[in-house]
file final_29.cif (mmCIF, C-alpha atoms and all ligand atoms)
data_query
#
loop_
_atom_site.label_atom_id
_atom_site.label_comp_id
_atom_site.auth_asym_id
_atom_site.auth_seq_id
_atom_site.Cartn_x
_atom_site.Cartn_y
_atom_site.Cartn_z
CA MET C 1 -37.17 11.12 -55.25
CA ALA C 2 -40.39 10.26 -57.04
CA ASP C 3 -41.99 6.93 -56.35
CA GLN C 4 -41.46 5.70 -59.92
CA ALA C 5 -43.30 2.41 -59.41
CA SER C 6 -46.47 3.99 -58.10
CA VAL C 7 -46.34 6.70 -60.75
CA ALA C 8 -45.96 4.08 -63.47
CA ALA C 9 -48.85 2.10 -62.00
CA ALA C 10 -51.00 5.21 -61.92
CA GLY C 11 -50.14 5.87 -65.55
CA ALA C 12 -51.15 2.36 -66.55
CA SER C 13 -54.62 2.67 -65.05
CA GLN C 14 -57.62 3.86 -67.08
CA PRO C 15 -57.86 7.62 -67.49
CA PHE C 16 -60.90 9.06 -65.74
CA ALA C 17 -63.82 9.50 -68.12
CA ALA C 18 -67.02 9.77 -66.08
CA GLU C 19 -70.14 10.56 -68.09
CA ASN C 20 -70.71 14.00 -66.62
CA VAL C 21 -67.14 15.05 -67.32
CA ALA C 22 -67.36 13.69 -70.86
CA THR C 23 -70.46 15.78 -71.50
CA ASN C 24 -68.73 18.79 -70.05
CA ALA C 25 -65.84 18.26 -72.44
CA VAL C 26 -68.01 18.65 -75.53
CA ALA C 27 -70.01 21.52 -74.11
CA SER C 28 -66.86 23.27 -73.07
CA LEU C 29 -65.30 22.84 -76.52
CA ALA C 30 -68.21 24.67 -78.06
CA ILE C 31 -67.74 27.44 -75.51
CA SER C 32 -64.02 27.66 -76.12
CA ASN C 33 -64.53 27.86 -79.89
CA ALA C 34 -67.02 30.63 -79.53
CA THR C 35 -65.41 32.76 -76.89
CA ASP C 36 -61.70 32.45 -76.70
CA ASN C 37 -59.64 31.54 -79.72
CA LYS C 38 -56.43 32.10 -77.83
CA ILE C 39 -57.10 29.30 -75.40
CA VAL C 40 -56.91 26.71 -78.11
CA ASP C 41 -55.29 28.32 -81.12
CA THR C 42 -51.74 28.14 -79.97
CA GLU C 43 -48.66 26.81 -81.71
CA THR C 44 -46.91 26.84 -78.43
CA PRO C 45 -46.40 23.59 -76.58
CA VAL C 46 -47.79 24.41 -73.19
CA ALA C 47 -45.05 24.29 -70.59
CA PRO C 48 -45.46 22.12 -67.51
CA VAL C 49 -47.11 23.92 -64.62
CA PRO C 50 -44.39 25.83 -62.76
CA ALA C 51 -43.37 24.50 -59.36
CA GLU C 52 -44.61 27.70 -57.63
CA THR C 53 -48.07 27.24 -59.12
CA LEU C 54 -48.13 23.65 -57.99
CA ALA C 55 -46.98 24.60 -54.54
CA ALA C 56 -49.76 27.21 -54.35
CA ALA C 57 -52.32 24.70 -55.59
CA VAL C 58 -51.46 22.08 -52.99
CA THR C 59 -52.06 24.48 -50.14
CA ASP C 60 -55.74 24.62 -51.21
CA VAL C 61 -56.36 20.99 -52.11
CA PRO C 62 -54.97 17.66 -51.03
CA ALA C 63 -52.11 16.76 -53.35
CA HIS C 64 -52.68 13.69 -55.40
CA ARG C 65 -49.48 11.68 -55.77
CA SER C 66 -49.00 12.51 -59.45
CA HIS C 67 -49.27 16.24 -58.82
CA ASP C 68 -47.42 16.10 -55.53
CA PRO C 69 -44.46 18.47 -55.82
CA THR C 70 -42.15 15.70 -54.60
CA ASN C 71 -42.99 13.88 -57.83
CA ASN C 72 -42.98 16.90 -60.03
CA ALA C 73 -40.27 19.09 -58.56
CA LYS C 74 -37.89 17.78 -61.20
CA ARG C 75 -38.71 17.83 -64.91
CA THR C 76 -38.92 14.45 -66.56
CA ASP C 77 -36.35 12.85 -68.85
CA PRO C 78 -36.40 13.42 -72.63
CA PHE C 79 -39.42 11.94 -74.40
CA MET C 80 -41.19 11.18 -71.09
CA PHE C 81 -43.52 14.17 -71.34
CA GLY C 82 -44.38 14.60 -67.70
CA GLN C 83 -45.72 12.52 -64.85
CA ARG C 84 -49.00 14.18 -63.95
CA PHE C 85 -51.10 11.06 -64.42
CA LEU C 86 -54.87 11.29 -64.21
CA THR C 87 -56.45 8.37 -62.35
CA GLN C 88 -59.90 7.31 -61.23
CA GLU C 89 -59.42 9.02 -57.88
CA ASP C 90 -58.66 12.41 -59.37
CA ASP C 91 -60.93 15.33 -59.97
CA VAL C 92 -59.82 16.44 -63.44
CA PHE C 93 -60.61 20.08 -62.63
CA GLU C 94 -58.36 20.10 -59.59
CA TYR C 95 -55.24 20.92 -61.63
CA ASN C 96 -54.39 22.87 -64.77
CA ALA C 97 -52.80 20.07 -66.75
CA TRP C 98 -52.44 16.30 -66.96
CA ASP C 99 -50.00 14.29 -69.04
CA HIS C 100 -50.57 11.26 -71.30
CA VAL C 101 -54.35 11.57 -71.23
CA GLU C 102 -56.13 9.74 -74.03
CA THR C 103 -59.21 11.53 -75.36
CA ASP C 104 -62.50 10.34 -73.89
CA ASP C 105 -65.42 8.92 -75.91
CA ALA C 106 -67.29 12.21 -75.98
CA PHE C 107 -64.30 14.00 -77.46
CA LYS C 108 -63.79 11.21 -80.00
CA GLU C 109 -67.41 11.50 -81.09
CA TYR C 110 -67.14 15.28 -81.26
CA SER C 111 -63.94 14.96 -83.35
CA GLU C 112 -65.54 12.59 -85.87
CA LYS C 113 -68.47 14.97 -86.32
CA GLN C 114 -66.11 17.87 -86.83
CA TYR C 115 -64.06 15.94 -89.42
CA GLU C 116 -67.27 15.15 -91.35
CA LEU C 117 -68.25 18.80 -91.25
CA GLN C 118 -64.77 19.88 -92.39
CA ARG C 119 -64.72 17.44 -95.33
CA SER C 120 -68.21 18.42 -96.39
CA SER C 121 -67.09 21.99 -96.93
CA PRO C 122 -63.54 22.09 -98.34
CA VAL C 123 -61.58 25.15 -99.44
CA SER C 124 -62.65 26.21 -102.94
CA ASP C 125 -60.29 25.49 -105.86
CA PHE C 126 -59.76 29.21 -106.31
CA ASP C 127 -58.66 29.62 -102.67
CA LYS C 128 -56.57 26.45 -102.80
CA SER C 129 -54.40 27.95 -105.51
CA ARG C 130 -54.33 31.29 -103.69
CA PHE C 131 -52.96 29.68 -100.50
CA ASN C 132 -50.83 26.94 -102.05
CA GLY C 133 -49.43 29.18 -104.80
CA ASP C 134 -47.28 31.37 -102.56
CA PRO C 135 -47.35 30.15 -98.94
CA ALA C 136 -44.45 32.43 -97.93
CA LYS C 137 -46.63 35.44 -98.70
CA TRP C 138 -49.08 34.41 -95.96
CA TRP C 139 -46.29 33.85 -93.44
CA ASN C 140 -44.84 37.29 -94.33
CA LEU C 141 -48.21 38.75 -93.53
CA PHE C 142 -48.30 36.74 -90.31
CA TYR C 143 -44.95 38.14 -89.12
CA LYS C 144 -45.97 41.63 -90.21
CA ASN C 145 -49.05 41.37 -88.00
CA ASN C 146 -47.47 39.62 -85.03
CA THR C 147 -44.62 40.69 -82.85
CA ALA C 148 -41.45 38.68 -82.36
CA ASN C 149 -42.92 37.50 -79.07
CA PHE C 150 -45.84 35.66 -80.64
CA PHE C 151 -44.20 32.27 -80.11
CA LYS C 152 -42.93 31.50 -76.65
CA ASP C 153 -39.24 30.78 -76.35
CA ARG C 154 -38.59 27.07 -76.80
CA LYS C 155 -36.67 26.61 -73.57
CA TRP C 156 -37.79 22.97 -73.32
CA LEU C 157 -35.61 22.10 -76.30
CA HIS C 158 -32.50 21.47 -74.18
CA GLN C 159 -34.55 19.27 -71.87
CA GLU C 160 -35.97 17.18 -74.72
CA PHE C 161 -32.86 17.18 -76.93
CA PRO C 162 -29.75 16.93 -74.71
CA ILE C 163 -27.54 17.04 -77.78
CA LEU C 164 -28.23 20.77 -77.88
CA THR C 165 -26.65 21.11 -74.45
CA GLN C 166 -23.69 18.94 -75.46
CA ILE C 167 -22.81 20.97 -78.53
CA CYS C 168 -23.01 24.20 -76.53
CA GLU C 169 -20.33 23.02 -74.07
CA PRO C 170 -17.12 25.13 -74.06
CA ASP C 171 -14.98 22.30 -75.45
CA ALA C 172 -17.49 20.79 -77.90
CA GLY C 173 -15.43 21.99 -80.86
CA PRO C 174 -16.74 23.31 -84.18
CA LYS C 175 -20.47 22.52 -84.40
CA THR C 176 -23.16 23.71 -86.78
CA ILE C 177 -26.86 23.89 -86.06
CA LEU C 178 -29.37 24.49 -88.84
CA GLU C 179 -32.76 25.63 -87.67
CA ILE C 180 -35.37 25.33 -90.40
CA GLY C 181 -38.55 27.40 -90.31
CA ALA C 182 -36.89 29.44 -87.57
CA GLY C 183 -39.61 32.11 -87.54
CA ALA C 184 -38.81 34.93 -85.16
CA GLY C 185 -35.86 32.99 -83.70
CA ASN C 186 -37.55 31.66 -80.59
CA THR C 187 -35.44 28.53 -80.73
CA ALA C 188 -32.20 29.97 -82.07
CA PHE C 189 -31.90 32.86 -79.60
CA PRO C 190 -32.39 30.81 -76.42
CA ILE C 191 -29.77 28.33 -77.71
CA LEU C 192 -27.40 31.20 -78.37
CA ALA C 193 -28.07 32.67 -74.93
CA ARG C 194 -27.00 29.39 -73.27
CA ASN C 195 -24.11 28.71 -75.60
CA LYS C 196 -20.58 28.43 -74.15
CA ASN C 197 -18.98 26.95 -77.25
CA PRO C 198 -16.84 29.59 -79.03
CA LEU C 199 -17.01 27.48 -82.20
CA LEU C 200 -20.78 27.07 -82.43
CA ARG C 201 -22.60 28.38 -85.53
CA ILE C 202 -26.37 28.59 -85.84
CA HIS C 203 -27.91 29.00 -89.26
CA ALA C 204 -31.51 30.04 -88.79
CA CYS C 205 -33.51 29.84 -92.01
CA ASP C 206 -37.07 30.64 -92.89
CA PHE C 207 -38.79 31.14 -96.22
CA SER C 208 -40.50 34.25 -94.86
CA LYS C 209 -38.35 37.30 -95.55
CA THR C 210 -40.24 39.20 -92.86
CA ALA C 211 -39.37 36.54 -90.27
CA VAL C 212 -35.70 36.70 -91.29
CA ASP C 213 -35.76 40.49 -90.94
CA VAL C 214 -37.24 40.09 -87.44
CA MET C 215 -34.33 37.79 -86.49
CA ARG C 216 -31.70 40.04 -88.02
CA LYS C 217 -33.01 43.03 -86.11
CA ASP C 218 -33.15 41.20 -82.78
CA GLU C 219 -30.72 42.48 -80.15
CA GLY C 220 -29.51 38.89 -79.64
CA TYR C 221 -28.47 38.58 -83.30
CA ASP C 222 -24.75 38.01 -82.97
CA THR C 223 -23.17 37.40 -86.37
CA LYS C 224 -20.18 35.74 -84.75
CA HIS C 225 -22.40 32.77 -83.99
CA MET C 226 -25.57 33.25 -86.00
CA GLN C 227 -26.66 33.72 -89.59
CA ALA C 228 -30.32 34.19 -90.53
CA ASP C 229 -31.30 33.59 -94.16
CA VAL C 230 -34.28 33.20 -96.40
CA TRP C 231 -34.56 29.59 -97.52
CA ASP C 232 -37.41 27.32 -98.55
CA VAL C 233 -36.76 23.83 -97.17
CA ALA C 234 -38.71 22.37 -100.09
CA GLY C 235 -36.66 24.32 -102.67
CA THR C 236 -35.32 22.57 -105.76
CA GLY C 237 -32.27 22.94 -108.02
CA ASP C 238 -30.05 25.87 -107.04
CA GLU C 239 -32.39 26.62 -104.15
CA SER C 240 -32.16 23.25 -102.49
CA MET C 241 -29.45 24.47 -100.08
CA PRO C 242 -29.43 27.58 -97.86
CA PRO C 243 -26.76 30.31 -98.23
CA GLY C 244 -23.50 29.58 -96.46
CA LEU C 245 -23.95 25.84 -96.02
CA GLY C 246 -22.61 22.99 -98.11
CA PRO C 247 -23.40 19.28 -98.30
CA ALA C 248 -22.81 17.36 -95.05
CA SER C 249 -21.99 20.51 -93.07
CA VAL C 250 -24.64 20.38 -90.34
CA ASP C 251 -24.35 18.52 -87.03
CA VAL C 252 -27.88 19.13 -85.79
CA ALA C 253 -30.96 20.19 -87.76
CA ILE C 254 -33.95 21.50 -85.83
CA LEU C 255 -37.49 21.51 -87.20
CA VAL C 256 -40.04 22.81 -84.73
CA PHE C 257 -43.60 23.32 -86.00
CA ILE C 258 -42.42 23.84 -89.56
CA PHE C 259 -43.07 20.48 -91.23
CA SER C 260 -46.79 20.93 -90.59
CA ALA C 261 -46.67 24.03 -92.79
CA LEU C 262 -45.63 21.97 -95.83
CA SER C 263 -48.04 20.31 -98.18
CA PRO C 264 -47.71 16.49 -98.32
CA SER C 265 -46.39 16.89 -101.87
CA GLN C 266 -43.35 18.74 -100.41
CA TRP C 267 -42.40 16.27 -97.68
CA LYS C 268 -40.04 14.14 -99.70
CA GLN C 269 -38.17 17.08 -101.24
CA ALA C 270 -37.82 18.67 -97.81
CA VAL C 271 -36.39 15.50 -96.23
CA GLU C 272 -34.03 15.13 -99.18
CA ASN C 273 -32.79 18.72 -98.75
CA VAL C 274 -32.26 18.27 -95.01
CA ALA C 275 -30.44 14.99 -95.67
CA ARG C 276 -28.06 16.66 -98.12
CA LEU C 277 -27.03 19.15 -95.43
CA VAL C 278 -26.71 16.89 -92.39
CA LYS C 279 -23.44 15.04 -91.77
CA PRO C 280 -23.53 11.23 -91.63
CA GLY C 281 -24.36 10.43 -88.01
CA GLY C 282 -25.88 13.91 -87.56
CA THR C 283 -29.21 14.46 -85.81
CA VAL C 284 -32.59 15.91 -86.70
CA CYS C 285 -34.62 17.23 -83.74
CA PHE C 286 -38.29 17.40 -84.60
CA ARG C 287 -41.52 18.51 -82.98
CA ASP C 288 -44.91 19.21 -84.53
CA TYR C 289 -48.67 18.76 -84.36
CA GLY C 290 -50.20 15.36 -83.71
CA ARG C 291 -53.39 14.01 -85.24
CA GLY C 292 -56.48 14.85 -83.22
CA ASP C 293 -54.99 17.86 -81.49
CA LEU C 294 -57.69 20.30 -80.47
CA ALA C 295 -56.33 22.77 -83.02
CA GLN C 296 -57.31 20.25 -85.73
CA VAL C 297 -60.65 19.26 -84.31
CA ARG C 298 -61.87 22.82 -83.93
CA PHE C 299 -61.47 23.77 -87.60
CA ARG C 300 -64.85 24.56 -89.07
CA LYS C 301 -66.25 24.79 -92.59
CA GLY C 302 -64.15 26.19 -95.41
CA ARG C 303 -60.73 25.32 -93.91
CA TYR C 304 -60.18 21.78 -95.22
CA LEU C 305 -57.49 21.55 -97.95
CA GLU C 306 -57.02 17.78 -97.92
CA GLU C 307 -57.07 15.01 -95.33
CA ASN C 308 -55.54 16.40 -92.08
CA PHE C 309 -54.36 19.56 -93.90
CA TYR C 310 -56.05 22.91 -93.31
CA ILE C 311 -55.82 26.59 -93.97
CA ARG C 312 -55.95 28.87 -90.94
CA GLY C 313 -57.85 32.14 -90.86
CA ASP C 314 -54.61 34.02 -91.56
CA GLY C 315 -53.86 32.03 -94.73
CA THR C 316 -51.10 29.81 -93.24
CA ARG C 317 -51.33 26.04 -93.74
CA VAL C 318 -51.17 23.32 -91.11
CA TYR C 319 -50.99 19.52 -91.24
CA PHE C 320 -51.58 17.11 -88.33
CA PHE C 321 -49.37 14.02 -88.28
CA GLU C 322 -49.84 10.46 -87.17
CA LYS C 323 -46.83 8.90 -85.44
CA ASP C 324 -46.30 6.08 -87.97
CA GLU C 325 -46.73 8.47 -90.85
CA LEU C 326 -43.96 10.68 -89.56
CA VAL C 327 -41.65 7.71 -89.11
CA LYS C 328 -42.38 6.71 -92.70
CA ILE C 329 -41.71 10.21 -94.04
CA TRP C 330 -38.23 10.31 -92.49
CA THR C 331 -37.14 6.68 -92.47
CA GLY C 332 -39.26 4.98 -95.15
CA LYS C 333 -40.36 2.39 -92.60
CA PRO C 334 -43.84 1.30 -93.69
CA GLU C 335 -46.84 1.98 -91.51
CA PRO C 336 -48.30 -1.20 -90.05
CA ALA C 337 -51.30 -2.45 -92.11
CA ALA C 338 -54.68 -1.80 -90.55
CA ASP C 339 -56.20 -4.99 -89.10
CA GLY C 340 -57.77 -7.27 -91.71
CA GLU C 341 -57.15 -4.85 -94.60
CA VAL C 342 -55.95 -6.63 -97.74
CA PRO C 343 -55.59 -4.25 -100.72
CA ASP C 344 -56.15 -5.76 -104.20
CA GLU C 345 -53.39 -5.69 -106.84
CA GLU C 346 -54.76 -2.65 -108.69
CA GLU C 347 -55.04 -0.67 -105.46
CA LYS C 348 -51.50 -1.71 -104.55
CA LYS C 349 -50.11 -0.43 -107.88
CA GLU C 350 -51.87 2.92 -107.57
CA ALA C 351 -50.78 3.25 -103.97
CA SER C 352 -47.16 2.43 -104.75
CA ALA C 353 -46.93 5.05 -107.55
CA GLU C 354 -48.40 7.71 -105.29
CA GLU C 355 -46.33 6.51 -102.34
CA ALA C 356 -43.08 6.72 -104.28
CA GLU C 357 -43.72 10.42 -104.84
CA THR C 358 -44.38 11.07 -101.18
CA PHE C 359 -42.24 8.60 -99.25
CA PHE C 360 -38.81 6.98 -99.33
CA THR C 361 -38.45 3.25 -98.95
CA GLU C 362 -36.54 1.84 -96.00
CA ASP C 363 -33.62 1.22 -98.36
CA ASN C 364 -33.35 4.65 -99.93
CA ALA C 365 -34.45 6.73 -96.92
CA PRO C 366 -31.61 8.95 -95.66
CA PHE C 367 -32.52 8.75 -91.94
CA THR C 368 -33.04 6.14 -89.27
CA LEU C 369 -35.29 6.51 -86.25
CA GLU C 370 -33.78 7.29 -82.85
CA ASP C 371 -36.93 8.28 -80.95
CA MET C 372 -40.55 9.06 -81.67
CA GLY C 373 -42.96 10.05 -78.95
CA VAL C 374 -46.50 11.29 -78.61
CA ASP C 375 -46.92 14.11 -76.12
CA ARG C 376 -50.58 14.12 -75.10
CA ARG C 377 -51.68 16.68 -72.62
CA LEU C 378 -55.02 17.59 -71.16
CA ILE C 379 -55.08 21.30 -70.42
CA VAL C 380 -57.77 22.36 -68.00
CA ASN C 381 -59.29 25.77 -67.51
CA ARG C 382 -60.40 25.25 -63.96
CA ALA C 383 -62.46 28.43 -63.66
CA MET C 384 -64.46 27.77 -66.85
CA LYS C 385 -64.40 23.97 -66.50
CA LEU C 386 -62.88 23.59 -69.97
CA LYS C 387 -60.99 20.49 -71.08
CA MET C 388 -58.61 20.83 -74.00
CA TYR C 389 -56.88 17.79 -75.46
CA ARG C 390 -53.55 18.64 -77.03
CA CYS C 391 -51.30 16.30 -78.98
CA TRP C 392 -47.78 16.84 -80.28
CA LEU C 393 -45.27 14.52 -81.87
CA GLN C 394 -41.59 14.64 -81.09
CA GLY C 395 -38.84 12.78 -82.88
CA ARG C 396 -35.13 12.31 -83.33
CA PHE C 397 -33.73 11.00 -86.61
CA ARG C 398 -30.16 10.06 -87.43
CA ARG C 399 -28.52 10.63 -90.82
CA LYS C 400 -27.33 7.34 -92.30
C1 LIG C 501 -45.49 27.67 -86.87
S1 LIG C 501 -44.11 28.62 -87.35
C2 LIG C 501 -42.86 28.02 -86.26
C3 LIG C 501 -41.72 28.96 -86.10
C4 LIG C 501 -40.58 28.47 -85.22
N1 LIG C 501 -40.05 27.20 -85.63
C5 LIG C 501 -41.03 28.40 -83.78
O1 LIG C 501 -41.29 27.31 -83.31
O2 LIG C 501 -41.15 29.45 -83.17
C6 LIG C 501 -43.70 27.87 -88.90
C7 LIG C 501 -42.56 28.56 -89.59
O3 LIG C 501 -42.17 27.80 -90.71
C8 LIG C 501 -41.88 28.68 -91.77
N2 LIG C 501 -42.03 27.90 -93.01
C9 LIG C 501 -43.17 27.38 -93.53
N3 LIG C 501 -42.90 26.74 -94.67
C10 LIG C 501 -41.57 26.83 -94.88
C11 LIG C 501 -40.71 26.35 -95.89
N4 LIG C 501 -41.18 25.67 -96.93
N5 LIG C 501 -39.38 26.60 -95.77
C12 LIG C 501 -38.90 27.31 -94.72
N6 LIG C 501 -39.69 27.81 -93.75
C13 LIG C 501 -41.00 27.57 -93.82
C14 LIG C 501 -42.89 29.80 -91.60
O4 LIG C 501 -42.52 30.99 -92.25
C15 LIG C 501 -42.91 29.95 -90.10
O5 LIG C 501 -41.94 30.85 -89.66
#
call {"tool": "encode", "arguments": {"input": "final_29.cif", "output": "structure tokens"}}
result
Amino acid sequence: MADQASVAAAGASQPFAAENVATNAVASLAISNATDNKIVDTETPVAPVPAETLAAAVTDVPAHRSHDPTNNAKRTDPFMFGQRFLTQEDDVFEYNAWDHVETDDAFKEYSEKQYELQRSSPVSDFDKSRFNGDPAKWWNLFYKNNTANFFKDRKWLHQEFPILTQICEPDAGPKTILEIGAGAGNTAFPILARNKNPLLRIHACDFSKTAVDVMRKDEGYDTKHMQADVWDVAGTGDESMPPGLGPASVDVAILVFIFSALSPSQWKQAVENVARLVKPGGTVCFRDYGRGDLAQVRFRKGRYLEENFYIRGDGTRVYFFEKDELVKIWTGKPEPAADGEVPDEEEKKEASAEEAETFFTEDNAPFTLEDMGVDRRLIVNRAMKLKMYRCWLQGRFRRK
């Protein structure tokens, strides 16, 4: 059993940020941008280092307590995001990954410079309307050019969201999952593969017709339990609900790396549509990009659409969320005011009109917060001495 107290103490201590390592971080970012897009341009939450790899690693080097297999043999509880804590005594390049690592000063400075550069050279108005006008077109192209295996299977979902295990139990009774932005089905198919509930239905929707075709052609596509459909989560009027589902018919909605593909002007409509479908007491399982993730920082000139919102080289859009912002989007709970900031009346009025279009208030928001966590991970390429700071947000919301 892990020594929880010592692990917690290790986590509370300052992350290691020696000058030489900090300098390396910036230098290595430049290298990684120039040489290997794949290292950093991944949608895929990087899985914890497998036990075999750890075991192999500790035969070469003395095991630090946080990477000691006796601490890491077992995966951590939901929303804990690992126990590989980096402390003063550690050599950061000794292992492939560390959990809960805050960015160091050099990375912060590098990020600020990148943000300035990005803002100074936004996407042209012509390209903005090209990319915002028909976003599904760019995702169709994406799925045409990438195989169904582009995204890794989301096996960690059951670990992070135990409700998915519960509703797959043989005697769980009739349960409906709606996966939104299901892509090639890398969440839906693993759930189906583990399912023992004869009465489980998974509706997997995506606004890309090509993605839906990929799912329908998959050998795991079993129409007894699964239905894949084209649906835009930000649709309005007749298109605000997917085929085959009525109001309050869904027990669990899953949104994994889809909300970041919406423009901020679509957030409220999307939440409203999800709310219409989810039963009172039902759950939303959410995971997406966090602000300051390396994928954000590395964007260069000509990719900036608006603050924290970018266009990738393949024409798909991506937003990077702050924790409080995400809570506000789903629950209407206001973000805490920045220290000492007192907006004047005029500013307040303007802000409240704009806010009302984008956010619910706490009173009219359809969801309450169950959990919200920041999964920060430092991924290390030991051979090339590269440090890559990743950041994802994970949440659970409950339908009022
Ligand atoms: C980054 S991919 C993630 C795919 C999948 N959730 C996964 O994790 O493998 C984002 C997906 O969201 C879909 N998407 C983007 N905007 C959407 C919208 N407004 N409605 C429905 N799906 C959307 C895209 O087509 C794409 O398949």
call {"tool": "closest_residue", "arguments": {"input": "final_29.cif", "among": "C:Pro198, C:Pro242, C:Pro170, C:Pro122", "to": "ligand LIG 501 (chain C)", "atoms": "all atoms listed in the file"}}
result
C:Pro242
call {"tool": "closest_residue", "arguments": {"input": "final_29.cif", "among": "C:Asp229, C:Asp251, C:Glu94, C:Glu272", "to": "Phe367 (chain C)", "atoms": "all atoms listed in the file"}}
result
C:Glu272
call {"tool": "residues_near_ligand", "arguments": {"input": "final_29.cif", "ligand": "ligand LIG 501 (chain C)", "cutoff": "7 Å", "atoms": "all atoms listed in the file", "output": "VMD selection string"}}
result
chain C and resid 43 136 139 151 180 to 187 205 to 208 211 231 to 234 255 to 258 261 to 262
call {"tool": "residues_around", "arguments": {"input": "final_29.cif", "residues": "Ser265 (chain C)", "least_positions_apart": "2", "cutoff": "8 Å", "atoms": "only C-alpha atoms", "output": "list in words"}}
result
Leu262, Ser263, Trp267, Lys268, Glu357 and Thr358 of chain C
call {"tool": "write_last_selection", "arguments": {"input": "final_29.cif", "atoms": "C-alpha atoms", "output": "short mmCIF file (atom, residue, chain, number, x, y, z; two decimals), in the frame of the given file"}}
result
data_model
loop_
_atom_site.label_atom_id
_atom_site.label_comp_id
_atom_site.auth_asym_id
_atom_site.auth_seq_id
_atom_site.Cartn_x
_atom_site.Cartn_y
_atom_site.Cartn_z
CA LEU C 262 -45.63 21.97 -95.83
CA SER C 263 -48.04 20.31 -98.18
CA TRP C 267 -42.40 16.27 -97.68
CA LYS C 268 -40.04 14.14 -99.70
CA GLU C 357 -43.72 10.42 -104.84
CA THR C 358 -44.38 11.07 -101.18
#
call {"tool": "closest_residue", "arguments": {"input": "final_29.cif", "among": "C:Glu112, C:Asp125, C:Asp371, C:Asp134", "to": "Thr316 (chain C)", "atoms": "all atoms listed in the file"}}
result
C:Asp134
call {"tool": "closest_residue", "arguments": {"input": "final_29.cif", "among": "C:Arg303, C:His203, C:Lys137, C:His100", "to": "Arg390 (chain C)", "atoms": "only C-alpha atoms"}}
result
C:His100
call {"tool": "closest_residue", "arguments": {"input": "final_29.cif", "among": "C:Gln159, C:Gln114, C:Lys175, C:Asp99", "to": "Asp77 (chain C)", "atoms": "all atoms listed in the file"}}
result
C:Gln159
call {"tool": "build_atoms", "arguments": {"input": "final_29.cif", "residues": "region 124-138 of chain C", "atoms": "N, CA and C atoms", "output": "short mmCIF file (atom, residue, chain, number, x, y, z; two decimals), keeping the file's coordinate frame"}}
result
data_model
loop_
_atom_site.label_atom_id
_atom_site.label_comp_id
_atom_site.auth_asym_id
_atom_site.auth_seq_id
_atom_site.Cartn_x
_atom_site.Cartn_y
_atom_site.Cartn_z
N SER C 124 -62.33 26.19 -101.51
CA SER C 124 -62.65 26.21 -102.94
C SER C 124 -61.35 26.07 -103.76
N ASP C 125 -61.48 25.63 -105.02
CA ASP C 125 -60.29 25.49 -105.86
C ASP C 125 -59.57 26.82 -106.03
N PHE C 126 -60.34 27.88 -106.15
CA PHE C 126 -59.76 29.21 -106.31
C PHE C 126 -58.88 29.54 -105.09
N ASP C 127 -59.43 29.32 -103.89
CA ASP C 127 -58.66 29.62 -102.67
C ASP C 127 -57.49 28.67 -102.48
N LYS C 128 -57.69 27.42 -102.90
CA LYS C 128 -56.57 26.45 -102.80
C LYS C 128 -55.36 27.00 -103.54
N SER C 129 -55.57 27.47 -104.77
CA SER C 129 -54.40 27.95 -105.51
C SER C 129 -53.89 29.26 -104.93
N ARG C 130 -54.77 30.04 -104.33
CA ARG C 130 -54.33 31.29 -103.69
C ARG C 130 -53.39 30.96 -102.51
N PHE C 131 -53.75 29.98 -101.71
CA PHE C 131 -52.96 29.68 -100.50
C PHE C 131 -51.75 28.78 -100.79
N ASN C 132 -51.94 27.84 -101.75
CA ASN C 132 -50.83 26.94 -102.05
C ASN C 132 -49.82 27.57 -103.01
N GLY C 133 -50.28 28.57 -103.76
CA GLY C 133 -49.43 29.18 -104.80
C GLY C 133 -48.20 29.87 -104.22
N ASP C 134 -48.40 30.62 -103.14
CA ASP C 134 -47.28 31.37 -102.56
C ASP C 134 -47.41 31.39 -101.03
N PRO C 135 -47.14 30.23 -100.39
CA PRO C 135 -47.35 30.15 -98.94
C PRO C 135 -46.50 31.14 -98.14
N ALA C 136 -45.32 31.49 -98.67
CA ALA C 136 -44.45 32.43 -97.93
C ALA C 136 -45.12 33.79 -97.76
N LYS C 137 -45.94 34.15 -98.76
CA LYS C 137 -46.63 35.44 -98.70
C LYS C 137 -47.51 35.53 -97.43
N TRP C 138 -48.17 34.41 -97.12
CA TRP C 138 -49.08 34.41 -95.96
C TRP C 138 -48.30 34.43 -94.65
#
